[in-house]
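Please read the structure below before turning to the comments.
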Amino acid sequence: MWELTKSFRFEAAHALSYTTLGEASQEIHGHSFRAEVTIRGEPDPVTGMVVDFGLLDRGLEDLRKTLDHKFLNKIEAIGIPTLENLSRFIWDRVADKGPVVRVGVFRDSCNESCVYFGPKK
Ligand SMILES: Nc1nc2c(c(=O)[nH]1)N=C([C@H](O)[C@H](O)COP(=O)(O)OP(=O)(O)OP(=O)(O)O)CN2
Ligand SMILES: [Zn+2]
């Protein structure tokens with residue numbers, strides 16, 4: 001079994017109402033995010049690849065553009081812009097790119113991250 005991981009970075013703003021971290025977190029402010037998408041499978045005997053990184057790159061670039069330099073609260077499908085909801089949003093948009101097993105979202109400036117393993121079965 002193999003796992004492939006591709007990551008991308010984006011800068012985005014949010015405002016978070018329900019945090020206990022105080023006013024600065026509740027007002028609009030920005031972060032640098034990194035997202036990691038992991039796919040698990042066996043390499044195709046012809047191509048030697050689980051999934052071509054080229055295909056993944058193209059899919060993730062569209063998603064990066066959807067998020068980069070955006071106000072996340074305005075993207076309705078995210079819901080409240082927590083790491084939990086962001087990782088689910090990304091999962092929903094990459095699940096058709098291959099057998100995705102996890103999506104991580106990292107906010108390194110705050111030493112925070114969240115990993116989503118997909119919907120409950
Ligand atoms: N379960 C969760 N709890 C919290 C989340 C979350 O996504 N899931 N997010 C937050 C805050 O957005 C997060 O902690 C960042 O805090 P913030 O004030 O936005 O930023 P910092 O000042 O800590 O970091 P800098 O990037 O250095 O400005 C809270 N809880
Ligand atoms: Zn924040």
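Ordered as shown in the structure tokens, chains take letters A, B, and onward, while each chain numbers its residues from 1 and ligands are numbered from 1 in the order shown.
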
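Each residue with an atom within 10 Å of any atom of ligand 2 appears in the list, which was built counting only C-alpha atoms and all ligand atoms: Ala12, Ala13, His14, Ala15, Leu16, Thr19, Leu21, Ala24, Ser25, Gln26, Glu27, Ile28, His29, Gly30, His31, Ser32, Pro81, Thr82, Leu83, Arg107 and Cys110 of chain A.
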
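Here the residues within stretch 73-117 of chain A that DSSP labels helix (DSSP H, G or I) on the basis of the backbone are A:Asn73, A:Lys74, A:Glu76, A:Ala77, A:Ile78, A:Leu83, A:Glu84, A:Asn85, A:Leu86, A:Ser87, A:Arg88, A:Phe89, A:Ile90, A:Trp91, A:Asp92, A:Arg93, A:Val94, A:Ala95, A:Asp96, A:Lys97, A:Asp108, A:Ser109, A:Cys110.
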
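The coordinates place atom CA of A:Lys120 at 19.7 Å from atom 7 (O, counted along the ligand's line) of ligand 1.
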
inquiry  = Considering only C-alpha atoms, can you say which of A:Glu36, A:Asp108, A:Glu76, A:Asp44 comes closest to A:Ser7?
reply    =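 That would be A:Glu36, the residue with the smallest distance to A:Ser7.
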
request  = Check the DSSP output for the backbone and give back, as a count of residues only, the residues of chain A in strand (DSSP E).
outcome  = 41

message = List the spatial neighbours of A:Phe89 as a ChimeraX atom specification - criterion: any atom at most 9 Å away, only C-alpha atoms, same-chain residues fewer than 6 positions off excluded.
response = /A:77-79

key: Distance criterion (only C-alpha atoms and all ligand atoms): nearest to ligand 1 out of A:Glu11, A:Glu3, A:Asp92, A:Glu84   = A:Glu84

Shell of 6 Å around A:Val101, only C-alpha atoms, local chain residues under 3 positions omitted, as number ranges by chain = A: 38-39, 117

inquiry  = Under the rule that only C-alpha atoms are counted, which of A:Thr5, A:Asn73, A:Ser87, A:Thr66 is the nearest residue to A:Gly41?
reply    =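 Comparing A:Thr5, A:Asn73, A:Ser87, A:Thr66 against A:Gly41, the winner is A:Thr5.
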
What's the 8 Å shell around A:Arg40, counting only C-alpha atoms, without same-chain residues fewer than 4 positions away, as a compact mmCIF listing (two decimals) with all heavy atoms, in the first residue's frame?
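File written: around35.txt
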# COMPACT_ATOMS: atom_id res chain seq x y z
N MET A 1 0.85 -1.20 0.00
CA MET A 1 0.00 0.00 0.00
C MET A 1 0.89 1.25 0.00
O MET A 1 1.92 1.27 0.66
CB MET A 1 -0.88 -0.03 1.25
CG MET A 1 -1.94 1.03 1.30
SD MET A 1 -3.14 0.91 -0.04
CE MET A 1 -3.92 -0.66 0.28
N TRP A 2 0.47 2.24 -0.75
CA TRP A 2 1.25 3.48 -0.84
C TRP A 2 0.35 4.67 -0.45
O TRP A 2 -0.86 4.61 -0.63
CB TRP A 2 1.72 3.72 -2.27
CG TRP A 2 2.91 2.91 -2.67
CD1 TRP A 2 4.20 3.36 -2.79
CD2 TRP A 2 2.94 1.53 -3.06
NE1 TRP A 2 5.01 2.34 -3.20
CE2 TRP A 2 4.28 1.19 -3.38
CE3 TRP A 2 1.98 0.52 -3.16
CZ2 TRP A 2 4.67 -0.07 -3.79
CZ3 TRP A 2 2.36 -0.75 -3.57
CH2 TRP A 2 3.69 -1.03 -3.87
N GLU A 3 1.01 5.71 0.05
CA GLU A 3 0.29 6.97 0.30
C GLU A 3 1.03 8.09 -0.42
O GLU A 3 2.26 8.19 -0.31
CB GLU A 3 0.26 7.29 1.80
CG GLU A 3 -0.85 6.60 2.54
CD GLU A 3 -1.02 7.11 3.97
OE1 GLU A 3 -0.24 7.98 4.41
OE2 GLU A 3 -1.92 6.63 4.64
N LEU A 4 0.28 8.90 -1.14
CA LEU A 4 0.85 10.08 -1.79
C LEU A 4 0.26 11.31 -1.13
O LEU A 4 -0.95 11.34 -0.87
CB LEU A 4 0.44 10.14 -3.26
CG LEU A 4 0.88 9.06 -4.22
CD1 LEU A 4 0.43 9.44 -5.62
CD2 LEU A 4 2.37 8.87 -4.18
N VAL A 50 0.27 5.75 -8.32
CA VAL A 50 -1.04 5.61 -7.66
C VAL A 50 -1.99 6.59 -8.34
O VAL A 50 -3.08 6.23 -8.79
CB VAL A 50 -0.94 5.88 -6.15
CG1 VAL A 50 -2.31 5.82 -5.49
CG2 VAL A 50 0.03 4.91 -5.48
N PRO A 99 -8.56 7.93 -4.35
CA PRO A 99 -8.96 7.43 -3.04
C PRO A 99 -8.34 8.25 -1.89
O PRO A 99 -7.34 7.85 -1.29
CB PRO A 99 -8.46 5.98 -3.05
CG PRO A 99 -7.42 5.93 -4.11
CD PRO A 99 -7.65 7.04 -5.07
N VAL A 100 -8.98 9.40 -1.61
CA VAL A 100 -8.46 10.31 -0.57
C VAL A 100 -8.68 9.69 0.80
O VAL A 100 -9.77 9.18 1.09
CB VAL A 100 -9.18 11.68 -0.66
CG1 VAL A 100 -8.72 12.61 0.46
CG2 VAL A 100 -8.93 12.31 -2.02
N VAL A 101 -7.65 9.68 1.66
CA VAL A 101 -7.81 9.12 3.01
C VAL A 101 -7.72 10.17 4.11
O VAL A 101 -8.19 9.94 5.22
CB VAL A 101 -6.80 7.98 3.31
CG1 VAL A 101 -7.16 6.74 2.51
CG2 VAL A 101 -5.36 8.41 3.08

task = Measuring atom to atom with only C-alpha atoms and all ligand atoms, identify which of A:Val37, A:Ile90, A:Arg64, A:Ser17 is nearest to ligand 1.
result = A:Ser17

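Comparing the minimum interatomic distances between A:Lys97 and each of A:Pro119, A:Leu60, A:Phe71, A:Ser109, counting only C-alpha atoms, we find that A:Leu60 sits nearest.
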
request  = Find the spatial neighbours of A:Tyr116, counting only C-alpha atoms, within a cut-off of 7 Å - ignore same-chain residues fewer than 3 positions away - and output them as a list of chain:residue names.
outcome  = A:Ser87, A:Arg88, A:Arg102, A:Val103, A:Gly104

Using N, CA, C and O atoms, can you export the residues from the last selection as a compact mmCIF listing (two decimals), in the first residue's frame?
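File selection_0.txt, as written:
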# COMPACT_ATOMS: atom_id res chain seq x y z
N SER A 87 -11.18 21.78 6.41
CA SER A 87 -10.67 20.48 5.96
C SER A 87 -11.80 19.68 5.30
O SER A 87 -11.59 19.01 4.29
N ARG A 88 -13.02 19.79 5.83
CA ARG A 88 -14.15 19.10 5.21
C ARG A 88 -14.47 19.70 3.83
O ARG A 88 -14.72 18.98 2.86
N ARG A 102 -7.08 11.29 3.82
CA ARG A 102 -7.12 12.37 4.81
C ARG A 102 -6.78 13.71 4.18
O ARG A 102 -6.07 13.78 3.17
N VAL A 103 -7.30 14.75 4.83
CA VAL A 103 -7.01 16.13 4.44
C VAL A 103 -6.59 16.86 5.71
O VAL A 103 -7.34 16.89 6.69
N GLY A 104 -5.40 17.40 5.69
CA GLY A 104 -4.91 18.17 6.84
C GLY A 104 -4.88 19.65 6.49
O GLY A 104 -4.57 20.02 5.36

remark   = If you count only C-alpha atoms and all ligand atoms, the residue of A:Asp62, A:Lys6, A:Met49, A:Gly22 closest to ligand 1 turns out to be A:Gly22
